[in-house]
Structures are given as C-alpha cells and as structure tokens.
Amino acid sequence: MGRTIIEKIIQSRCEGESRPGDIVWMNLDVRSARDFGGPNVVKNYQREYGEDPPDDPGKTFFTFDLCVPACSLRYADNQQVCRTFARRHGIRVFDVDEGIGSHVMIEQGLAAPGTTVVGTDSHLNILGAAGSFGQGMGDVDITFAFRTGRTWFQVPETLRVEVSGSPGSGFSAKDLTLAILRRLGTRRAALRAVEFYGEPVRRLSPAGRITLCSMVTEMAGIIGFVPECDDTAAREMEIWTGAPFRHPRADADAEYAETVKVDIEGLGPLVSEPFLPTNVRPASELRDVRIDSGFIGSCTNGRVEDFRAAARVLKGRRVKPGVMLKAVPATRRVFGEMLREGILDELFSAGAIVSNPGCGGCAEGHIGLTGKGEVQISTGNRNFEGKQGKGRNYLAGPEIVAASCVAGRIALPEEV
Amino acid sequence: MPDTSFQGRIWVLANAEGALIEDIDTDQIYHNAFLHITDIDGMGRYALGNLEGWKDFPDRARPGDILIAGRNFGAGSSRQQAVDCFKALKTGMILAPSFGAIYFRNAVNSAFPVLTGPDLKARVDRGELRSGDELAIDVRTGVSRNLTRDMSFSLTPMSEVQFGVWRAGGLFSYARNTEG
C-alpha cells in the first residue's frame, strides 16, 4: 500500500513501519522556540536537565518575532533569558531584527523539503509550503525536543483537496485560501494532513503557497502540502534557499481518508467577518462596512509579493484621512526587497506606516493593537475576539486591505 | 509493571437531550479567568466550570471517575490546565471518539490516561453507556466491560509511546528513563 506525503516524511524519520493512527518516535531535523514559549522552554529545561547540553545545538534555534524589538519589559526579559541560554549552549538566535521565525527557517533552507521541524508557533505548519513537516507544540514538548532531538507523533490520515475552475478578476492567493476554508470549515481537515491539488494551487507562487498553508491551522488541520509547483515558483524558492526545491510526492496508490473538490469558478475577492475565520463572504457584499485601520503583513501575507500588490492599488492614491494603514514585512529579506523595488517609497507616499519585520499584528505585536470599537481589515489569519486587540477584525487579501484604507470602508481595488 | 486496569463510575458528558457534547473547547473545560492559578490542587474546582449543565461537576465527581465526551474534546488553546484540573480531581480517565490534537499531547505528556473509542457515540446513543454505570477498562489492551449492564466493548488501546510515558509518570521522567 502506498503512502501519502505526511506518511512518507514521518516514515523517513522513525524506526519500524508506521501507518496512519500509529504513534511513533520521530527524529527532528530542527527544533525551535520563539520569544513566546521560549522562556518556558528554558525554565523547563534548566529544571529537568540542569546544565546538560541539548541533543544537537546546530539543529536548535531561537527565533524572536512576536514582539520585536521588545516593546514591553516582560518581552525584553524573556528574550534575554533565551539569549543567555543560547550563548551557554551554542544555539543560534535569529534575533529581533530577522523577522518571522517560520519564514526565516524557509528562507535559510532549514525547513527543506522532507524535513521535520517543531517549535512554539501554532502556525509552524506553514512550513508545509516548503514541503517540510512543521508542527507547533507546547513548551513541555519543545523542551523535550531540545534535549533529545525527538518527539512522539500520531501519524495522521490525509485529506485530498482538488481545486478547479477559473476565478473572476482580482482573485488572490488569500481569496483561494478563504474559498477552501469556507468549503472545509473546521471539521473536514481536523487532525488530518491535507494535500492540495489542481491547477489553481499548482500555479501559486512561494508567497501564495505560504498563504494557503498557513491557514491550514484555521482549518484545524495538522499540516498542508502543495505537492505540485510550476517552474517559476520552484526557481523562486531555490533563489531563497540556495538549494534545489524538490517537493516530496505521494505514491500513486496512496490512500486518502477523503477527497473534497473545491470549485472556484467565477469567484471574486473574499473577506472573513469577525470573529471566526470561517465566516467567509464575498467582499462585494460588505461594502458598507466602515473601517478605522488596515494591516498588511503576518505569517500569512507578509511577502514582497503581498506588498507589491498593495502598492499597485495605492500608487498615486492616499490612505483616507483618519484611517491608519500598518505594513509589516515578514522578514529582513522582504524588507530589503521592498526597499530596492521602491515599494517602501510607494507605501510611505500613500500614507502607510511601515515597520521593521516581524509578526506585528497578533498578540502583543510591535505595530500596535486595535482599541475597543475599532474596526480593522487585516491580511492576518485569525479574527478571534481579542486576537489583535479589542477591535473587530476582518480578514482579506492585501489588495482589498489597501483599497479599503483608501475608501475608508471595505472596498474592491476597482472602486478606488 | 503497573496495574493497567481501571475501574470507575462514568459520567457521560451529554446535553439536555442526552446526546454527547462535541467540540468542548479548553475554555469550557478550564476558563481563562483562572489561568493565573499555578498550584494543580487549586485547579480541580474549576473543571468543566464553563460548560453549560456541568458547572457542579467538581462537587459531584469522585476520584477514579471516568468521563465520556463527544468528538474533538479539548479543542482550542494549548493550555495544560485543561488537563491538570482533572488530575487535581483524581479523575481516572477520559474517553472520547477523538480529542483536540494538542489536548491529547498534553494529556499523554502529563501521564493522564485518555483513550479513544470510535463507537462510543453509538453506544451512548443506544443507552449502553449511561452516567453512573460502573466500567472496567484495561488501558493496555482496550478490553472494556460495562459491569452494570454486563456488556463488553473495546477501546483503542494505548500505543507503546503513550503507555511508556504513562507508566513513567510523564514525558520528562520517561525521557530520563530512556536516555539512561
């Protein structure tokens, strides 16, 4: 019997035969902790293992991205706790200047195709975009992974999603993602790995693959893979990492728990209403929703391509007075690309606030939160109550966010 | 070898219509208002404290009781307290058709027995498992018996890993034992 992609990756990292439902010990290529969860990992580690060295410091990393540079004393202390531990054990820190840890790991080639990576980021399954099995875990699990280089894992079954159809104009990778999320809800993918197939996903750029795979978390899935990839996307991925991009493939006779077809024929831009990502509606039906602020960035839409798309909409226009547009590149690399392409200039001229790279919007991100009564439209992945402050948060692609900030209400690019 | 058999009275986590409640999230199990409590013994009184119809559970529960819940028990956040509150009450174990992925990990890592049984819902629907029944369960084999109704059924037994961690008393002790 053949294997799906997740079954192959896990099989390659464990001893003995493994099948869906089995719990196995899996060897880890990378283990990481952020400035959220990282300090707990250090505390657990010192309590349980004292001065014992980590299994392999060269495969162990800290990535600071949640509150960078620290904008509260608590985060400053927590980051310093991690740095001190890292120095003692020879662990590399991707510090406050580097950007979102999961993206940095993709760019650095650490999350290479077929690898296993764990960390304290619940969106670490974003690494599926690079063909890597990334998984977010709690601090006890990550402490154990630091010390032993292993973790236990129940091999998930796999859901096959086949996407077809030609969408209408202005349909972005985020819209594709929201269309799939609307179809799957939070049950079809629950506790499963997902493999996405079909021309609309095969054509996705690396940035688009990241957008789709990041929101497998919101689908309640374990990990999402886009096994097929066109040459342009593969070349771009190779430029990022400096290594060949060969995504693992499922066997022809692999067994899937279920196959779901998603038809995007004629669809236009989509928006998720508060307070659930699955509350997906056509953007055109929400045009009377007034907004106070916009956010472009996050691990879901923080690549240069996302800012390029926003800059196209903003070129020669201004953010409406009284509206605030915040832009946070995912990584230092993205920031450099924006600088060299003139995107920073275009965003600045349109009245946007551009910050240093990082998560920015979620939890206590450094770009600021929303206040009670504030309505924000964001390219992020979650709009739960309290996720980005006390305001109401709508989720959309970068073009819609940019157009909405010009109009002062949810708007399509052709309206501004 | 520890004793792998459990015996206890069951609580079927059902709604007013008698159906198993599905998708009980960690906020319903242990409300975020009490996350500041760090002493495990202090957490028991808040178990299921935010689940409609079950708020008095801590007063009625006895050590060794067995909970039967609907699918996706422990969905949502990664908080360990949603497991620890049952340990504080000395609850014997929780059975469900499925658990939230992180909840299941947290339970295994802290040596709290959680077992899945694909036909639990059907058995509850048929009245073969009712609150107050006495169950005997072997976590190693999954062989189970409703002593009250004199009926046998099977659960998915603990995997090698879950069994090893449970026997060692938690992930860190397990690691110490296996790392020599």
# chains A, B, ... in the order shown; residues from 1 in each chain; ligands from 1
$ interface_residues --of "chain B" --to "chain A" --cutoff "12 Å" --atoms "only C-alpha atoms" --output "NGL selection string"
:B and (22-23 or 71-72 or 75-80 or 98-110 or 116 or 156-165 or 170-176 or 178-180)
$ residues_around --residues "Gly360 of chain A" --least-positions-apart "6" --cutoff "8 Å" --atoms "only C-alpha atoms" --output "number ranges by chain"
A: 66-67, 297-298, 328, 366-368
$ write_last_selection --atoms "C-alpha atoms" --output "JSON list (two decimals), in the first residue's frame"
[["chain", "number", "residue", "atom", "x", "y", "z"],
["A", 66, "LEU", "CA", 6.33, 38.24, 18.31],
["A", 67, "CYS", "CA", 7.35, 41.50, 19.96],
["A", 297, "GLY", "CA", 1.68, 41.54, 6.91],
["A", 298, "SER", "CA", 1.73, 38.47, 9.22],
["A", 328, "VAL", "CA", 4.93, 44.86, 8.48],
["A", 366, "HIS", "CA", 5.10, 45.73, 17.90],
["A", 367, "ILE", "CA", 2.95, 47.58, 15.33],
["A", 368, "GLY", "CA", 0.18, 48.18, 17.86]]
$ atom_distance --atom1 "atom CA of Gly44 of chain B" --atom2 "atom CA of Phe86 of chain B"
6.2 Å
$ closest_atom_pairs --of "segment 129-226 of chain A" --to "segment 255-268 of chain A" --cutoff "7 Å" --atoms "only C-alpha atoms" --output "JSON lines"
{"residue": "A:Glu157", "atom": "CA", "partner": "A:Ala257", "partner_atom": "CA", "distance": 6.1}
{"residue": "A:Thr158", "atom": "CA", "partner": "A:Tyr256", "partner_atom": "CA", "distance": 5.2}
{"residue": "A:Leu159", "atom": "CA", "partner": "A:Glu258", "partner_atom": "CA", "distance": 5.2}
{"residue": "A:Arg160", "atom": "CA", "partner": "A:Thr259", "partner_atom": "CA", "distance": 4.6}
{"residue": "A:Val161", "atom": "CA", "partner": "A:Val260", "partner_atom": "CA", "distance": 4.9}
{"residue": "A:Glu162", "atom": "CA", "partner": "A:Lys261", "partner_atom": "CA", "distance": 4.8}
{"residue": "A:Val163", "atom": "CA", "partner": "A:Val262", "partner_atom": "CA", "distance": 4.7}
{"residue": "A:Ser164", "atom": "CA", "partner": "A:Asp263", "partner_atom": "CA", "distance": 5.1}
{"residue": "A:Gly165", "atom": "CA", "partner": "A:Glu265", "partner_atom": "CA", "distance": 4.2}
{"residue": "A:Ser166", "atom": "CA", "partner": "A:Glu265", "partner_atom": "CA", "distance": 4.7}
{"residue": "A:Pro167", "atom": "CA", "partner": "A:Gly266", "partner_atom": "CA", "distance": 4.3}
{"residue": "A:Gly168", "atom": "CA", "partner": "A:Gly266", "partner_atom": "CA", "distance": 4.4}
{"residue": "A:Ser169", "atom": "CA", "partner": "A:Gly268", "partner_atom": "CA", "distance": 6.4}
{"residue": "A:Gly170", "atom": "CA", "partner": "A:Gly268", "partner_atom": "CA", "distance": 6.6}
{"residue": "A:Phe171", "atom": "CA", "partner": "A:Gly268", "partner_atom": "CA", "distance": 5.5}
{"residue": "A:Ile180", "atom": "CA", "partner": "A:Val262", "partner_atom": "CA", "distance": 6.6}
{"residue": "A:Arg183", "atom": "CA", "partner": "A:Val262", "partner_atom": "CA", "distance": 6.9}
$ write_last_selection --atoms "C-alpha atoms" --output "compact mmCIF listing (two decimals), in the first residue's frame"
# COMPACT_ATOMS: atom_id res chain seq x y z
CA GLU A 157 -4.55 10.33 7.83
CA THR A 158 -4.65 12.56 4.77
CA LEU A 159 -7.40 14.63 3.17
CA ARG A 160 -7.05 15.23 -0.55
CA VAL A 161 -8.38 18.58 -1.79
CA GLU A 162 -8.82 19.08 -5.54
CA VAL A 163 -9.29 22.67 -6.62
CA SER A 164 -10.60 23.57 -10.08
CA GLY A 165 -12.15 26.43 -12.02
CA SER A 166 -11.15 29.86 -13.30
CA PRO A 167 -11.82 32.61 -10.77
CA GLY A 168 -13.00 36.11 -11.64
CA SER A 169 -10.70 39.14 -11.70
CA GLY A 170 -8.75 40.26 -8.64
CA PHE A 171 -8.81 36.80 -7.03
CA ILE A 180 -11.04 26.49 0.56
CA ARG A 183 -15.59 24.72 1.93
$ atom_distance --atom1 "atom CA of His247 of chain A" --atom2 "atom CA of Val117 of chain A"
15.6 Å
$ select_by_dssp --residues "segment 144-355 of chain A" --states "strand (DSSP E)" --output "PyMOL selection string"
chain A and resi 150-154+158-164+193-197+223-225+258-263+270-272+280-282+293-297+324-328+353-354
$ atom_distance --atom1 "atom CA of Val42 of chain A" --atom2 "atom CA of Lys59 of chain A"
16.2 Å
$ closest_residue --among "B:Ala19, B:Met93, B:Ala69, B:Leu48" --to "Arg126 of chain B" --atoms "only C-alpha atoms"
B:Ala19
$ residues_around --residues "His31 of chain B" --least-positions-apart "4" --cutoff "10 Å" --atoms "only C-alpha atoms" --output "CSV table (one decimal) with all heavy atoms, in the first residue's frame"
chain,number,residue,atom,x,y,z
B,25,ASP,N,-14.4,23.0,24.1
B,25,ASP,CA,-13.1,23.6,24.0
B,25,ASP,C,-12.4,23.8,25.3
B,25,ASP,O,-13.1,23.7,26.4
B,25,ASP,CB,-13.1,24.8,23.1
B,25,ASP,CG,-13.8,26.0,23.7
B,25,ASP,OD1,-13.6,26.3,24.9
B,25,ASP,OD2,-14.6,26.6,23.0
B,26,THR,N,-11.2,24.1,25.3
B,26,THR,CA,-10.4,24.2,26.6
B,26,THR,C,-10.9,25.4,27.5
B,26,THR,O,-10.7,25.4,28.7
B,26,THR,CB,-8.9,24.4,26.3
B,26,THR,OG1,-8.7,25.5,25.4
B,26,THR,CG2,-8.3,23.1,25.8
B,27,ASP,N,-11.6,26.4,26.8
B,27,ASP,CA,-12.1,27.5,27.6
B,27,ASP,C,-13.4,27.0,28.4
B,27,ASP,O,-13.7,27.5,29.5
B,27,ASP,CB,-12.5,28.6,26.7
B,27,ASP,CG,-12.1,30.0,27.3
B,27,ASP,OD1,-11.1,30.0,28.0
B,27,ASP,OD2,-12.9,30.9,27.1
B,35,LEU,N,-6.4,31.1,34.7
B,35,LEU,CA,-5.1,30.7,34.2
B,35,LEU,C,-4.0,31.1,35.2
B,35,LEU,O,-2.9,30.5,35.1
B,35,LEU,CB,-4.9,31.2,32.8
B,35,LEU,CG,-5.7,30.5,31.7
B,35,LEU,CD1,-5.4,31.2,30.4
B,35,LEU,CD2,-5.5,29.0,31.7
B,46,TYR,N,-12.5,24.2,39.3
B,46,TYR,CA,-12.9,24.9,38.1
B,46,TYR,C,-13.1,23.9,36.9
B,46,TYR,O,-13.4,24.4,35.8
B,46,TYR,CB,-11.9,26.0,37.7
B,46,TYR,CG,-11.7,26.9,38.9
B,46,TYR,CD1,-10.5,27.0,39.6
B,46,TYR,CD2,-12.7,27.8,39.3
B,46,TYR,CE1,-10.3,27.9,40.6
B,46,TYR,CE2,-12.6,28.7,40.3
B,46,TYR,CZ,-11.4,28.7,41.0
B,46,TYR,OH,-11.2,29.5,42.1
B,47,ALA,N,-12.9,22.6,37.1
B,47,ALA,CA,-13.1,21.7,36.0
B,47,ALA,C,-14.5,21.7,35.4
B,47,ALA,O,-15.5,21.7,36.1
B,47,ALA,CB,-12.7,20.3,36.4
B,48,LEU,N,-14.6,21.9,34.1
B,48,LEU,CA,-15.9,22.0,33.4
B,48,LEU,C,-16.7,23.2,33.9
B,48,LEU,O,-17.9,23.2,33.7
B,48,LEU,CB,-16.7,20.7,33.5
B,48,LEU,CG,-16.0,19.4,33.0
B,48,LEU,CD1,-17.0,18.2,33.1
B,48,LEU,CD2,-15.6,19.6,31.5
B,49,GLY,N,-16.0,24.1,34.5
B,49,GLY,CA,-16.7,25.3,35.1
B,49,GLY,C,-17.4,26.2,34.2
B,49,GLY,O,-18.1,27.1,34.6
B,50,ASN,N,-17.1,26.1,32.9
B,50,ASN,CA,-17.7,27.0,31.9
B,50,ASN,C,-18.5,26.2,30.9
B,50,ASN,O,-18.7,26.6,29.8
B,50,ASN,CB,-16.5,27.7,31.2
B,50,ASN,CG,-17.0,28.9,30.5
B,50,ASN,OD1,-18.0,29.6,30.8
B,50,ASN,ND2,-16.3,29.3,29.4
B,51,LEU,N,-18.9,24.9,31.3
B,51,LEU,CA,-19.7,24.1,30.3
B,51,LEU,C,-21.1,24.0,30.9
B,51,LEU,O,-21.4,23.5,31.9
B,51,LEU,CB,-19.0,22.7,30.3
B,51,LEU,CG,-19.7,21.7,29.3
B,51,LEU,CD1,-19.7,22.2,27.9
B,51,LEU,CD2,-19.1,20.3,29.4
B,81,GLN,N,-3.7,23.5,31.8
B,81,GLN,CA,-4.7,23.5,32.9
B,81,GLN,C,-5.9,22.7,32.6
B,81,GLN,O,-6.6,22.1,33.5
B,81,GLN,CB,-5.1,24.9,33.3
B,81,GLN,CG,-4.0,25.7,34.0
B,81,GLN,CD,-3.2,26.5,32.9
B,81,GLN,OE1,-3.1,26.1,31.8
B,81,GLN,NE2,-2.5,27.6,33.4
B,82,ALA,N,-6.3,22.6,31.3
B,82,ALA,CA,-7.5,21.8,31.0
B,82,ALA,C,-7.3,20.3,31.2
B,82,ALA,O,-8.3,19.6,31.2
B,82,ALA,CB,-7.8,22.1,29.5
$ select_by_dssp --residues "segment 62-307 of chain A" --states "alpha helix (DSSP H)" --output "number ranges by chain"
A: 73-89, 101-107, 139-148, 173-184, 199-202, 206-214, 231-241, 304-307
$ closest_residue --among "B:Gly117, B:Asn177, B:Gly127, B:Arg167" --to "Leu155 of chain B" --atoms "only C-alpha atoms"
B:Gly117
$ residues_around --residues "Glu337 of chain A" --least-positions-apart "5" --cutoff "10 Å" --atoms "only C-alpha atoms" --output "ChimeraX atom specification"
/A:303-305,308,329,331-332,342-344
$ write_last_selection --atoms "all heavy atoms" --output "compact mmCIF listing (two decimals), in the first residue's frame"
# COMPACT_ATOMS: atom_id res chain seq x y z
N ARG A 303 4.88 38.63 2.47
CA ARG A 303 5.98 38.53 1.49
C ARG A 303 5.99 39.77 0.58
O ARG A 303 5.00 40.51 0.50
CB ARG A 303 5.83 37.27 0.62
CG ARG A 303 5.78 35.96 1.39
CD ARG A 303 6.96 35.69 2.29
NE ARG A 303 8.25 35.82 1.64
CZ ARG A 303 9.42 35.61 2.28
NH1 ARG A 303 9.44 35.26 3.56
NH2 ARG A 303 10.56 35.77 1.64
N VAL A 304 7.06 39.96 -0.17
CA VAL A 304 7.20 41.15 -1.01
C VAL A 304 6.06 41.22 -2.03
O VAL A 304 5.55 42.29 -2.36
CB VAL A 304 8.58 41.22 -1.70
CG1 VAL A 304 8.73 40.15 -2.76
CG2 VAL A 304 8.83 42.61 -2.27
N GLU A 305 5.65 40.06 -2.52
CA GLU A 305 4.56 40.00 -3.49
C GLU A 305 3.26 40.61 -2.92
O GLU A 305 2.49 41.25 -3.64
CB GLU A 305 4.36 38.51 -3.78
CG GLU A 305 3.34 38.17 -4.77
CD GLU A 305 3.33 36.63 -4.94
OE1 GLU A 305 4.41 36.03 -5.07
OE2 GLU A 305 2.23 36.08 -4.93
N ARG A 308 3.81 44.33 -2.90
CA ARG A 308 3.78 44.78 -4.30
C ARG A 308 2.33 44.94 -4.75
O ARG A 308 1.97 45.95 -5.37
CB ARG A 308 4.47 43.71 -5.15
CG ARG A 308 5.14 44.20 -6.40
CD ARG A 308 5.77 43.02 -7.14
NE ARG A 308 7.08 42.65 -6.63
CZ ARG A 308 7.55 41.39 -6.60
NH1 ARG A 308 6.80 40.37 -7.01
NH2 ARG A 308 8.76 41.15 -6.15
N PRO A 329 6.66 43.89 7.02
CA PRO A 329 7.25 42.81 6.24
C PRO A 329 7.51 41.58 7.12
O PRO A 329 7.81 41.72 8.30
CB PRO A 329 8.57 43.38 5.74
CG PRO A 329 8.63 44.81 6.16
CD PRO A 329 7.55 45.07 7.13
N THR A 331 10.01 39.37 6.89
CA THR A 331 11.43 39.16 7.24
C THR A 331 12.29 40.32 6.77
O THR A 331 11.87 41.17 5.97
CB THR A 331 11.99 37.88 6.58
OG1 THR A 331 12.01 38.08 5.17
CG2 THR A 331 11.18 36.65 6.92
N ARG A 332 13.53 40.28 7.24
CA ARG A 332 14.52 41.27 6.81
C ARG A 332 14.75 41.20 5.30
O ARG A 332 14.93 42.20 4.63
CB ARG A 332 15.82 40.97 7.56
CG ARG A 332 16.88 42.01 7.42
CD ARG A 332 18.08 41.69 8.31
NE ARG A 332 19.19 42.55 7.93
CZ ARG A 332 19.30 43.81 8.32
NH1 ARG A 332 18.40 44.33 9.14
NH2 ARG A 332 20.32 44.56 7.92
N GLY A 342 11.40 49.95 -4.51
CA GLY A 342 10.67 51.21 -4.40
C GLY A 342 9.31 51.08 -3.74
O GLY A 342 8.52 52.03 -3.72
N ILE A 343 9.02 49.89 -3.19
CA ILE A 343 7.70 49.68 -2.57
C ILE A 343 7.57 50.47 -1.27
O ILE A 343 6.51 51.02 -0.97
CB ILE A 343 7.47 48.17 -2.31
CG1 ILE A 343 7.44 47.43 -3.66
CG2 ILE A 343 6.17 47.93 -1.55
CD1 ILE A 343 7.46 45.92 -3.53
N LEU A 344 8.69 50.58 -0.54
CA LEU A 344 8.66 51.37 0.70
C LEU A 344 8.24 52.80 0.39
O LEU A 344 7.43 53.40 1.09
CB LEU A 344 10.03 51.37 1.37
CG LEU A 344 10.47 50.11 2.10
CD1 LEU A 344 11.83 50.35 2.76
CD2 LEU A 344 9.45 49.70 3.15
$ residues_around --residues "segment 201-204 of chain A" --least-positions-apart "4" --cutoff "10 Å" --atoms "only C-alpha atoms" --output "ChimeraX atom specification"
/A:162-164,172-173,176-177,196-197,208-212,226-233
$ write_last_selection --atoms "C-alpha atoms" --output "PDB file, in the first residue's frame"
ATOM      1  CA  GLU A 162      -8.815  19.081  -5.537  1.00  0.00           C
ATOM      2  CA  VAL A 163      -9.292  22.673  -6.623  1.00  0.00           C
ATOM      3  CA  SER A 164     -10.600  23.567 -10.075  1.00  0.00           C
ATOM      4  CA  SER A 172      -5.664  36.462  -4.900  1.00  0.00           C
ATOM      5  CA  ALA A 173      -3.963  33.563  -3.083  1.00  0.00           C
ATOM      6  CA  LEU A 176      -8.252  30.999  -2.831  1.00  0.00           C
ATOM      7  CA  THR A 177      -7.346  30.174   0.765  1.00  0.00           C
ATOM      8  CA  PHE A 196      -3.888  20.388  -2.224  1.00  0.00           C
ATOM      9  CA  TYR A 197      -4.044  19.603  -5.946  1.00  0.00           C
ATOM     10  CA  GLY A 208       0.844  32.112  -2.310  1.00  0.00           C
ATOM     11  CA  ARG A 209       1.808  28.638  -1.093  1.00  0.00           C
ATOM     12  CA  ILE A 210       2.672  30.186   2.269  1.00  0.00           C
ATOM     13  CA  THR A 211      -0.683  31.984   2.430  1.00  0.00           C
ATOM     14  CA  LEU A 212      -2.596  28.755   1.768  1.00  0.00           C
ATOM     15  CA  VAL A 226       1.046  21.723  -2.221  1.00  0.00           C
ATOM     16  CA  PRO A 227       2.999  18.919  -3.938  1.00  0.00           C
ATOM     17  CA  GLU A 228       2.864  20.302  -7.475  1.00  0.00           C
ATOM     18  CA  CYS A 229       4.589  23.518  -8.322  1.00  0.00           C
ATOM     19  CA  ASP A 230       5.305  25.347 -11.578  1.00  0.00           C
ATOM     20  CA  ASP A 231       8.898  26.099 -12.654  1.00  0.00           C
ATOM     21  CA  THR A 232       8.762  29.818 -11.821  1.00  0.00           C
ATOM     22  CA  ALA A 233       7.724  29.102  -8.244  1.00  0.00           C
TER      23      ALA A 233
END
$ residues_around --residues "Gly64 of chain B" --least-positions-apart "3" --cutoff "6 Å" --atoms "only C-alpha atoms" --output "JSON, numbers by chain"
{"B": [8, 91, 92]}
$ residues_around --residues "Ser144 of chain B" --least-positions-apart "3" --cutoff "9 Å" --atoms "only C-alpha atoms" --output "PyMOL selection string"
chain B and resi 135-139+141+151-155
$ write_last_selection --atoms "N, CA and C atoms" --output "CSV table (one decimal), in the first residue's frame"
chain,number,residue,atom,x,y,z
B,135,LEU,N,-17.6,0.9,35.0
B,135,LEU,CA,-16.8,0.4,33.9
B,135,LEU,C,-15.5,-0.2,34.4
B,136,ALA,N,-15.0,-1.3,33.7
B,136,ALA,CA,-13.7,-1.8,33.9
B,136,ALA,C,-13.0,-1.7,32.6
B,137,ILE,N,-11.8,-1.1,32.6
B,137,ILE,CA,-11.1,-0.8,31.3
B,137,ILE,C,-9.6,-1.2,31.5
B,138,ASP,N,-9.1,-2.0,30.6
B,138,ASP,CA,-7.6,-2.2,30.6
B,138,ASP,C,-7.0,-1.3,29.5
B,139,VAL,N,-6.2,-0.4,30.0
B,139,VAL,CA,-5.6,0.6,29.0
B,139,VAL,C,-4.6,0.0,28.1
B,141,THR,N,-4.9,-3.1,26.7
B,141,THR,CA,-5.5,-3.9,25.6
B,141,THR,C,-6.7,-3.3,25.0
B,151,MET,N,-22.0,-5.9,29.7
B,151,MET,CA,-21.7,-5.8,28.3
B,151,MET,C,-20.2,-5.5,28.1
B,152,SER,N,-19.6,-6.2,27.1
B,152,SER,CA,-18.2,-5.9,26.8
B,152,SER,C,-18.1,-5.0,25.5
B,153,PHE,N,-17.1,-4.3,25.5
B,153,PHE,CA,-16.8,-3.5,24.3
B,153,PHE,C,-15.3,-3.2,24.3
B,154,SER,N,-14.8,-2.6,23.2
B,154,SER,CA,-13.4,-2.4,23.1
B,154,SER,C,-13.1,-0.9,22.8
B,155,LEU,N,-12.0,-0.4,23.3
B,155,LEU,CA,-11.5,0.9,23.1
B,155,LEU,C,-10.2,0.7,22.4
